[in-house]
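Pasted below: entry.txt, compact mmCIF, C-alpha atoms and all ligand atoms.
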# COMPACT_ATOMS: atom_id res chain seq x y z
CA MET F 237 0.00 0.00 0.00
CA ARG F 238 1.53 3.31 -1.07
CA LYS F 239 0.91 6.12 1.39
CA ALA F 240 -0.05 9.40 -0.26
CA VAL F 241 2.33 12.33 0.24
CA ILE F 242 0.91 15.84 -0.04
CA ALA F 243 3.76 18.34 -0.22
CA GLY F 244 3.76 22.13 -0.34
CA ASN F 245 6.74 23.89 -1.89
CA TRP F 246 6.84 27.48 -0.71
CA LYS F 247 9.68 28.38 -3.10
CA MET F 248 11.13 31.84 -2.31
CA HIS F 249 8.14 32.91 -0.22
CA MET F 250 7.50 33.36 3.52
CA THR F 251 9.50 35.22 6.09
CA CYS F 252 9.54 33.65 9.56
CA ALA F 253 6.83 36.10 10.66
CA GLU F 254 4.63 35.17 7.69
CA ALA F 255 5.21 31.47 8.33
CA ASN F 256 4.03 31.97 11.93
CA GLU F 257 0.83 33.65 10.77
CA TYR F 258 0.30 30.91 8.20
CA MET F 259 0.66 28.12 10.74
CA ALA F 260 -1.77 29.76 13.16
CA ILE F 261 -4.46 29.31 10.49
CA PHE F 262 -3.22 26.11 8.88
CA LEU F 263 -2.50 23.79 11.80
CA PRO F 264 -6.05 23.71 13.25
CA LEU F 265 -7.42 23.01 9.74
CA VAL F 266 -5.26 19.90 9.34
CA ALA F 267 -5.51 18.65 12.92
CA GLN F 268 -7.99 15.94 11.87
CA MET F 269 -6.07 14.89 8.77
CA GLU F 270 -6.70 11.30 7.63
CA LYS F 271 -3.98 8.80 8.58
CA ASP F 272 -3.64 7.49 5.02
CA ARG F 273 -1.48 10.44 3.96
CA SER F 274 1.67 12.34 4.90
CA LEU F 275 1.90 16.12 4.98
CA VAL F 276 5.14 17.81 3.97
CA ILE F 277 6.10 21.48 3.69
CA ALA F 278 9.27 22.84 2.09
CA PRO F 279 9.90 26.34 3.52
CA PRO F 280 12.76 28.54 2.33
CA PHE F 281 15.97 27.72 4.25
CA THR F 282 15.68 30.83 6.41
CA ALA F 283 12.29 29.74 7.80
CA ILE F 284 13.06 26.03 8.32
CA SER F 285 14.12 26.38 11.92
CA SER F 286 11.10 28.42 13.02
CA VAL F 287 8.64 26.24 11.05
CA ALA F 288 10.23 23.17 12.66
CA GLN F 289 9.53 24.61 16.09
CA ILE F 290 5.93 25.64 15.43
CA THR F 291 5.01 22.34 13.78
CA GLN F 292 6.78 20.11 16.32
CA SER F 293 3.68 18.41 17.68
CA SER F 294 1.70 18.41 14.41
CA ALA F 295 1.56 16.07 11.42
CA VAL F 296 3.69 18.46 9.35
CA GLN F 297 7.00 17.02 8.17
CA LEU F 298 9.70 19.20 6.68
CA ALA F 299 11.39 19.19 3.32
CA SER F 300 14.24 21.31 2.04
CA GLN F 301 14.12 22.86 -1.42
CA ASN F 302 17.56 21.51 -2.30
CA VAL F 303 20.50 19.61 -0.82
CA HIS F 304 24.18 19.39 -1.71
CA TRP F 305 26.16 16.20 -2.19
CA GLU F 306 28.95 17.18 0.20
CA ASP F 307 28.57 17.38 3.98
CA LYS F 308 30.55 20.63 4.15
CA GLY F 309 33.03 22.67 2.16
CA ALA F 310 33.57 25.65 -0.08
CA PHE F 311 30.19 25.59 -1.83
CA THR F 312 28.79 29.09 -1.46
CA ALA F 313 24.98 29.25 -1.48
CA GLU F 314 24.52 25.51 -1.03
CA VAL F 315 23.12 23.60 1.95
CA SER F 316 24.38 20.31 3.31
CA PRO F 317 22.30 17.31 4.37
CA VAL F 318 23.91 17.42 7.81
CA MET F 319 22.66 20.98 8.30
CA LEU F 320 19.14 19.94 7.33
CA LEU F 321 19.07 16.98 9.70
CA GLU F 322 19.78 19.32 12.58
CA HIS F 323 16.33 20.87 11.92
CA ASP F 324 14.39 17.60 11.63
CA VAL F 325 14.11 17.86 7.86
CA ARG F 326 12.97 14.50 6.41
CA TYR F 327 12.71 15.14 2.65
CA ALA F 328 14.73 17.07 0.08
CA ILE F 329 13.34 18.35 -3.22
CA VAL F 330 15.90 17.96 -6.00
CA GLY F 331 15.75 18.53 -9.73
CA HIS F 332 12.89 21.00 -9.58
CA SER F 333 12.42 22.64 -12.98
CA GLU F 334 13.31 26.09 -11.62
CA PRO F 335 16.93 25.21 -10.65
CA ARG F 336 17.11 23.06 -13.78
CA LYS F 337 16.19 26.11 -15.85
CA TYR F 338 17.78 29.03 -13.99
CA PHE F 339 20.93 27.29 -12.77
CA SER F 340 21.31 24.68 -15.51
CA GLU F 341 21.19 21.76 -13.08
CA SER F 342 22.04 18.55 -14.91
CA ASP F 343 20.60 15.09 -14.34
CA GLU F 344 24.02 14.04 -13.08
CA GLN F 345 24.08 16.78 -10.42
CA ILE F 346 20.50 15.97 -9.47
CA ASN F 347 21.48 12.33 -9.07
CA ARG F 348 24.39 13.26 -6.79
CA ARG F 349 22.10 15.41 -4.66
CA ALA F 350 19.51 12.64 -4.39
CA LYS F 351 22.14 10.04 -3.47
CA SER F 352 23.59 12.27 -0.79
CA ALA F 353 20.08 12.80 0.61
CA GLN F 354 19.52 9.04 0.83
CA THR F 355 22.92 8.42 2.38
CA HIS F 356 21.92 10.76 5.20
CA GLY F 357 18.45 9.30 5.64
CA LEU F 358 16.60 12.08 3.85
CA ILE F 359 13.98 11.08 1.27
CA PRO F 360 14.67 12.83 -2.04
CA ILE F 361 11.69 14.17 -4.00
CA VAL F 362 13.12 14.05 -7.51
CA CYS F 363 11.22 16.20 -10.01
CA VAL F 364 10.97 15.34 -13.68
CA GLY F 365 8.90 16.78 -16.50
CA GLU F 366 8.86 18.10 -20.04
CA THR F 367 8.52 21.61 -21.49
CA ASP F 368 5.59 22.59 -23.71
CA ILE F 369 7.85 22.54 -26.78
CA GLN F 370 9.01 19.02 -25.98
CA ARG F 371 5.40 17.92 -25.51
CA ASP F 372 4.30 19.52 -28.78
CA ARG F 373 7.11 17.76 -30.61
CA GLY F 374 6.06 14.41 -29.18
CA GLU F 375 9.26 14.17 -27.10
CA ALA F 376 7.71 14.16 -23.62
CA GLU F 377 8.15 10.47 -22.87
CA ARG F 378 11.72 10.37 -24.16
CA VAL F 379 12.72 13.42 -22.09
CA ILE F 380 11.11 12.12 -18.90
CA ARG F 381 12.60 8.67 -19.40
CA ARG F 382 16.09 10.18 -19.68
CA GLN F 383 15.53 12.25 -16.52
CA VAL F 384 14.35 9.12 -14.70
CA GLU F 385 17.21 6.92 -15.90
CA GLN F 386 19.98 9.44 -15.21
CA GLY F 387 18.48 11.23 -12.23
CA LEU F 388 17.53 8.07 -10.34
CA GLU F 389 20.58 5.98 -11.18
CA ASP F 390 21.59 3.75 -8.24
CA LEU F 391 18.98 5.22 -5.90
CA ASP F 392 17.10 3.11 -3.38
CA SER F 393 13.50 3.08 -4.61
CA GLU F 394 12.22 2.37 -1.11
CA SER F 395 13.32 5.76 0.13
CA LEU F 396 12.35 7.85 -2.85
CA ILE F 397 9.60 10.06 -4.20
CA VAL F 398 9.38 11.06 -7.84
CA ALA F 399 7.32 14.11 -8.77
CA TYR F 400 6.04 14.30 -12.34
CA GLU F 401 5.83 18.04 -13.00
CA PRO F 402 5.16 19.03 -16.59
CA ILE F 403 6.89 22.41 -16.83
CA TRP F 404 4.07 23.95 -18.87
CA ALA F 405 1.70 23.27 -15.97
CA ILE F 406 3.85 24.86 -13.24
CA GLY F 407 2.53 28.19 -12.06
CA THR F 408 0.49 28.63 -15.22
CA GLY F 409 -2.95 27.56 -14.02
CA LYS F 410 -2.91 24.95 -16.83
CA THR F 411 -3.23 21.61 -15.09
CA CYS F 412 -2.35 18.47 -16.95
CA GLU F 413 -5.50 16.38 -17.51
CA SER F 414 -5.66 13.92 -14.63
CA SER F 415 -5.85 10.95 -17.01
CA GLU F 416 -2.68 12.09 -18.80
CA ALA F 417 -0.87 12.81 -15.51
CA ASN F 418 -1.88 9.34 -14.38
CA ARG F 419 -0.60 7.78 -17.60
CA ILE F 420 2.83 9.41 -17.26
CA CYS F 421 3.06 8.51 -13.55
CA GLY F 422 2.30 4.90 -14.54
CA LEU F 423 5.04 4.97 -17.18
CA ILE F 424 7.55 6.34 -14.66
CA ARG F 425 6.63 3.53 -12.28
CA LYS F 426 7.15 1.02 -15.07
CA TRP F 427 10.55 2.48 -16.02
CA ILE F 428 11.68 2.38 -12.38
CA GLY F 429 10.45 -1.20 -12.20
CA LYS F 430 9.16 -1.03 -8.61
CA SER F 431 5.45 -0.99 -7.97
CA ASP F 432 5.73 0.58 -4.52
CA VAL F 433 7.63 3.77 -5.41
CA ILE F 434 5.68 6.93 -4.57
CA ILE F 435 4.95 9.12 -7.57
CA GLN F 436 3.46 12.57 -7.18
CA TYR F 437 1.94 14.92 -9.72
CA GLY F 438 2.77 18.64 -9.61
CA GLY F 439 1.68 21.63 -11.70
CA SER F 440 -1.21 23.98 -10.84
CA VAL F 441 -2.70 21.66 -8.24
CA LYS F 442 -5.52 23.49 -6.45
CA PRO F 443 -8.60 22.81 -4.31
CA GLU F 444 -10.69 22.47 -7.49
CA ASN F 445 -8.68 19.59 -8.99
CA ILE F 446 -7.15 17.76 -6.03
CA ASP F 447 -9.98 15.26 -5.49
CA GLU F 448 -9.92 14.14 -9.11
CA LEU F 449 -6.11 13.88 -9.22
CA MET F 450 -5.97 11.83 -6.03
CA GLY F 451 -8.64 9.51 -7.41
CA MET F 452 -6.15 8.31 -10.05
CA ASN F 453 -4.47 4.91 -9.52
CA ASP F 454 -0.90 5.91 -10.27
CA ILE F 455 -0.89 9.32 -8.57
CA ASP F 456 0.29 8.89 -4.99
CA GLY F 457 0.33 12.50 -3.94
CA VAL F 458 0.99 16.02 -5.15
CA LEU F 459 3.68 18.67 -5.05
CA VAL F 460 1.97 22.03 -4.72
CA GLY F 461 3.53 25.44 -5.35
CA GLY F 462 1.24 28.48 -5.57
CA ALA F 463 -1.78 26.98 -3.83
CA SER F 464 0.34 25.95 -0.82
CA LEU F 465 0.96 29.61 0.02
CA ASP F 466 -2.60 30.11 1.18
CA PRO F 467 -3.21 28.14 4.38
CA ARG F 468 -6.90 27.57 3.66
CA ASN F 469 -6.32 26.39 0.11
CA PHE F 470 -3.50 24.11 1.15
CA ALA F 471 -5.54 22.68 4.03
CA ARG F 472 -8.31 21.85 1.55
CA ILE F 473 -5.74 20.08 -0.63
CA VAL F 474 -4.35 18.16 2.34
CA ASN F 475 -7.88 17.13 3.32
CA TYR F 476 -8.71 15.87 -0.18
CA LYS F 477 -11.55 13.38 -0.53
CA VAL F 478 -11.67 10.65 -3.09
CA ALA F 479 -15.19 9.70 -4.16
P1 LIG B 501 2.49 25.28 -8.93
O1 LIG B 501 4.00 24.80 -8.72
O2 LIG B 501 1.63 24.43 -8.03
O3 LIG B 501 2.50 26.73 -8.55
O4 LIG B 501 2.15 25.06 -10.36
C1 LIG B 501 4.32 23.44 -8.60
C2 LIG B 501 5.78 23.28 -8.35
O5 LIG B 501 6.57 24.10 -8.84
O6 LIG B 501 6.21 22.33 -7.66

Output the file's structure as structure tokens, nothing else.
Amino acid sequence: MRKAVIAGNWKMHMTCAEANEYMAIFLPLVAQMEKDRSLVIAPPFTAISSVAQITQSSAVQLASQNVHWEDKGAFTAEVSPVMLLEHDVRYAIVGHSEPRKYFSESDEQINRRAKSAQTHGLIPIVCVGETDIQRDRGEAERVIRRQVEQGLEDLDSESLIVAYEPIWAIGTGKTCESSEANRICGLIRKWIGKSDVIIQYGGSVKPENIDELMGMNDIDGVLVGGASLDPRNFARIVNYKVA
């Protein structure tokens, strides 16, 4: 049985003060969350420590928005897995399309980050997904398969989450049809060759589409950007109901 993982990625949003205000509204709304799902939030690094304190006795688990492959060293602007563990971080997002695009992250670097996360007991959330041009050219499956093969090389599938995030659906309001998202998540599962690996969908997930997405067989959770910034919207997503 794969346990659903609902994750909010705050990206470069939320000061510590804003995170405090958010949690005052959010935590009571998720206090009765069903036990068949996990709830994860990825704050910016500067807010991790204060979010960890406020959420200590709640169901919220923490993710980082990146992780480096070395434990320490001369890597300006990077964060080490050891530093994250000190704040009870359990997951690390790697290979998100934004660092892939803005900082030219390669599949090889993403793989090193994910391996380092696993070595330290963090669960990597490895993001994959095609651009609109790649989809229009009929290259989506080939691109995603390459990202899966190179990005997940030698990873332990038992301590892994893959997020299928079509880039054209991120922050655009254009959600991928749930049947198509489900089809790609199923293909990723087949390529990995392990039926129990957790595969999320991400890209304009919102209260209006969460119930349908979570009703799909191969979608084991969601990675939510914009809609996770509003505590009421994100609570509705966390408390999704499958008909
Ligand atoms: P979005 O972002 O929900 O705002 O589309 C998703 C993501 O970037 O993970």

Name each residue within 8 Å of ligand LIG 501 (chain B), counting all atoms listed in the file, as an NGL selection string. :F and (244-245 or 247 or 332-334 or 401 or 405-409 or 411 or 438-442 or 459-464)

Contacts of Gly331 of chain F at 8 Å (all atoms listed in the file; same-chain gap of 2+ positions) as a list in words: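 Counting only the stated atoms, we get Ile329, Ser333, Pro335, Arg336, Glu341, Asp343, Ile346, Val362, Cys363 and Val364 of chain F.
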
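Take atom CA of Tyr437 of chain F and atom CA of Asp272 of chain F: the distance between them is 17.4 Å.
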
Using the file's own x, y and z axes, what box holds all listed atoms of segment 474-478 of chain F with 3 Å on each side, keeping edges along x, y and z, and what are its centre and edge lengths in Å to one decimal, as JSON?
{"center_x": -8.0, "center_y": 14.4, "center_z": 0.1, "size_x": 13.3, "size_y": 13.5, "size_z": 12.4}

List the spatial neighbours of Gly357 of chain F as a PyMOL selection string - criterion: any atom at most 12 Å away, all atoms listed in the file, same-chain residues fewer than 2 positions off excluded. chain F and resi 317-318+320-321+324-328+350-355+359-360+392+394-396

Closest to Met250 of chain F among F:Ala479, F:Ala283, F:Arg425, F:Ala267, using only C-alpha atoms?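 Closest to Met250 of chain F, using only C-alpha atoms: F:Ala283.
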
Correct to one decimal, the distance atom CA of Gly451 of chain F-atom CA of Val478 of chain F is 5.4 Å

Work out how far atom CA of Glu385 of chain F is from atom CA of Ile455 of chain F, in Å to one decimal.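 Atom CA of Glu385 of chain F lies 19.7 Å from atom CA of Ile455 of chain F.
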
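Considering all atoms listed in the file, the residue among F:His323, F:Asp368, F:Ala313, F:Phe281 positioned nearest to Lys410 of chain F is F:Asp368.
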
Output file: segment 388-410 of chain F, N, CA, C and O atoms, as a PDB file, in the first residue's frame:
ATOM      1  N   LEU F 388      17.795   9.054 -11.414  1.00  0.00           N
ATOM      2  CA  LEU F 388      17.530   8.074 -10.345  1.00  0.00           C
ATOM      3  C   LEU F 388      18.551   6.940 -10.315  1.00  0.00           C
ATOM      4  O   LEU F 388      18.368   5.967  -9.581  1.00  0.00           O
ATOM      5  N   GLU F 389      19.603   7.069 -11.092  1.00  0.00           N
ATOM      6  CA  GLU F 389      20.581   5.980 -11.179  1.00  0.00           C
ATOM      7  C   GLU F 389      21.119   5.591  -9.795  1.00  0.00           C
ATOM      8  O   GLU F 389      21.529   6.445  -9.015  1.00  0.00           O
ATOM      9  N   ASP F 390      21.062   4.306  -9.507  1.00  0.00           N
ATOM     10  CA  ASP F 390      21.586   3.748  -8.244  1.00  0.00           C
ATOM     11  C   ASP F 390      20.907   4.281  -6.985  1.00  0.00           C
ATOM     12  O   ASP F 390      21.495   4.258  -5.903  1.00  0.00           O
ATOM     13  N   LEU F 391      19.699   4.783  -7.115  1.00  0.00           N
ATOM     14  CA  LEU F 391      18.985   5.222  -5.903  1.00  0.00           C
ATOM     15  C   LEU F 391      18.180   4.055  -5.338  1.00  0.00           C
ATOM     16  O   LEU F 391      17.789   3.146  -6.060  1.00  0.00           O
ATOM     17  N   ASP F 392      17.910   4.128  -4.045  1.00  0.00           N
ATOM     18  CA  ASP F 392      17.103   3.111  -3.377  1.00  0.00           C
ATOM     19  C   ASP F 392      15.626   3.503  -3.556  1.00  0.00           C
ATOM     20  O   ASP F 392      15.178   4.516  -3.013  1.00  0.00           O
ATOM     21  N   SER F 393      14.885   2.693  -4.295  1.00  0.00           N
ATOM     22  CA  SER F 393      13.500   3.080  -4.610  1.00  0.00           C
ATOM     23  C   SER F 393      12.587   3.029  -3.390  1.00  0.00           C
ATOM     24  O   SER F 393      11.478   3.538  -3.417  1.00  0.00           O
ATOM     25  N   GLU F 394      13.066   2.437  -2.305  1.00  0.00           N
ATOM     26  CA  GLU F 394      12.220   2.373  -1.106  1.00  0.00           C
ATOM     27  C   GLU F 394      12.256   3.658  -0.298  1.00  0.00           C
ATOM     28  O   GLU F 394      11.462   3.848   0.619  1.00  0.00           O
ATOM     29  N   SER F 395      13.211   4.511  -0.617  1.00  0.00           N
ATOM     30  CA  SER F 395      13.325   5.756   0.131  1.00  0.00           C
ATOM     31  C   SER F 395      13.362   6.902  -0.888  1.00  0.00           C
ATOM     32  O   SER F 395      14.320   7.649  -0.958  1.00  0.00           O
ATOM     33  N   LEU F 396      12.328   6.963  -1.690  1.00  0.00           N
ATOM     34  CA  LEU F 396      12.355   7.850  -2.848  1.00  0.00           C
ATOM     35  C   LEU F 396      10.947   8.301  -3.210  1.00  0.00           C
ATOM     36  O   LEU F 396      10.000   7.516  -3.120  1.00  0.00           O
ATOM     37  N   ILE F 397      10.840   9.570  -3.603  1.00  0.00           N
ATOM     38  CA  ILE F 397       9.595  10.062  -4.200  1.00  0.00           C
ATOM     39  C   ILE F 397       9.968  10.686  -5.538  1.00  0.00           C
ATOM     40  O   ILE F 397      10.980  11.393  -5.640  1.00  0.00           O
ATOM     41  N   VAL F 398       9.183  10.404  -6.549  1.00  0.00           N
ATOM     42  CA  VAL F 398       9.382  11.058  -7.841  1.00  0.00           C
ATOM     43  C   VAL F 398       8.172  11.963  -8.055  1.00  0.00           C
ATOM     44  O   VAL F 398       7.032  11.551  -7.796  1.00  0.00           O
ATOM     45  N   ALA F 399       8.432  13.195  -8.479  1.00  0.00           N
ATOM     46  CA  ALA F 399       7.317  14.108  -8.774  1.00  0.00           C
ATOM     47  C   ALA F 399       7.288  14.370 -10.269  1.00  0.00           C
ATOM     48  O   ALA F 399       8.258  14.919 -10.820  1.00  0.00           O
ATOM     49  N   TYR F 400       6.199  13.967 -10.919  1.00  0.00           N
ATOM     50  CA  TYR F 400       6.039  14.303 -12.340  1.00  0.00           C
ATOM     51  C   TYR F 400       5.451  15.702 -12.423  1.00  0.00           C
ATOM     52  O   TYR F 400       4.305  15.924 -12.030  1.00  0.00           O
ATOM     53  N   GLU F 401       6.262  16.646 -12.907  1.00  0.00           N
ATOM     54  CA  GLU F 401       5.834  18.040 -13.001  1.00  0.00           C
ATOM     55  C   GLU F 401       6.035  18.561 -14.423  1.00  0.00           C
ATOM     56  O   GLU F 401       7.127  19.041 -14.754  1.00  0.00           O
ATOM     57  N   PRO F 402       5.017  18.466 -15.260  1.00  0.00           N
ATOM     58  CA  PRO F 402       5.158  19.033 -16.595  1.00  0.00           C
ATOM     59  C   PRO F 402       5.397  20.537 -16.467  1.00  0.00           C
ATOM     60  O   PRO F 402       4.627  21.234 -15.791  1.00  0.00           O
ATOM     61  N   ILE F 403       6.468  21.023 -17.069  1.00  0.00           N
ATOM     62  CA  ILE F 403       6.890  22.409 -16.830  1.00  0.00           C
ATOM     63  C   ILE F 403       5.824  23.406 -17.287  1.00  0.00           C
ATOM     64  O   ILE F 403       5.610  24.431 -16.653  1.00  0.00           O
ATOM     65  N   TRP F 404       5.112  23.050 -18.342  1.00  0.00           N
ATOM     66  CA  TRP F 404       4.073  23.954 -18.865  1.00  0.00           C
ATOM     67  C   TRP F 404       2.891  24.085 -17.906  1.00  0.00           C
ATOM     68  O   TRP F 404       2.050  24.960 -18.071  1.00  0.00           O
ATOM     69  N   ALA F 405       2.819  23.210 -16.921  1.00  0.00           N
ATOM     70  CA  ALA F 405       1.701  23.269 -15.969  1.00  0.00           C
ATOM     71  C   ALA F 405       2.096  23.958 -14.666  1.00  0.00           C
ATOM     72  O   ALA F 405       1.247  24.217 -13.823  1.00  0.00           O
ATOM     73  N   ILE F 406       3.394  24.272 -14.509  1.00  0.00           N
ATOM     74  CA  ILE F 406       3.850  24.859 -13.241  1.00  0.00           C
ATOM     75  C   ILE F 406       3.596  26.357 -13.221  1.00  0.00           C
ATOM     76  O   ILE F 406       4.105  27.093 -14.064  1.00  0.00           O
ATOM     77  N   GLY F 407       2.790  26.767 -12.262  1.00  0.00           N
ATOM     78  CA  GLY F 407       2.532  28.189 -12.058  1.00  0.00           C
ATOM     79  C   GLY F 407       1.759  28.845 -13.187  1.00  0.00           C
ATOM     80  O   GLY F 407       1.706  30.070 -13.270  1.00  0.00           O
ATOM     81  N   THR F 408       1.166  28.066 -14.053  1.00  0.00           N
ATOM     82  CA  THR F 408       0.485  28.631 -15.216  1.00  0.00           C
ATOM     83  C   THR F 408      -1.028  28.558 -15.087  1.00  0.00           C
ATOM     84  O   THR F 408      -1.751  29.171 -15.873  1.00  0.00           O
ATOM     85  N   GLY F 409      -1.515  27.774 -14.135  1.00  0.00           N
ATOM     86  CA  GLY F 409      -2.954  27.558 -14.022  1.00  0.00           C
ATOM     87  C   GLY F 409      -3.434  26.463 -14.965  1.00  0.00           C
ATOM     88  O   GLY F 409      -4.565  26.016 -14.894  1.00  0.00           O
ATOM     89  N   LYS F 410      -2.549  26.023 -15.878  1.00  0.00           N
ATOM     90  CA  LYS F 410      -2.912  24.952 -16.830  1.00  0.00           C
ATOM     91  C   LYS F 410      -2.569  23.606 -16.213  1.00  0.00           C
ATOM     92  O   LYS F 410      -1.404  23.215 -16.177  1.00  0.00           O
TER      93      LYS F 410
END
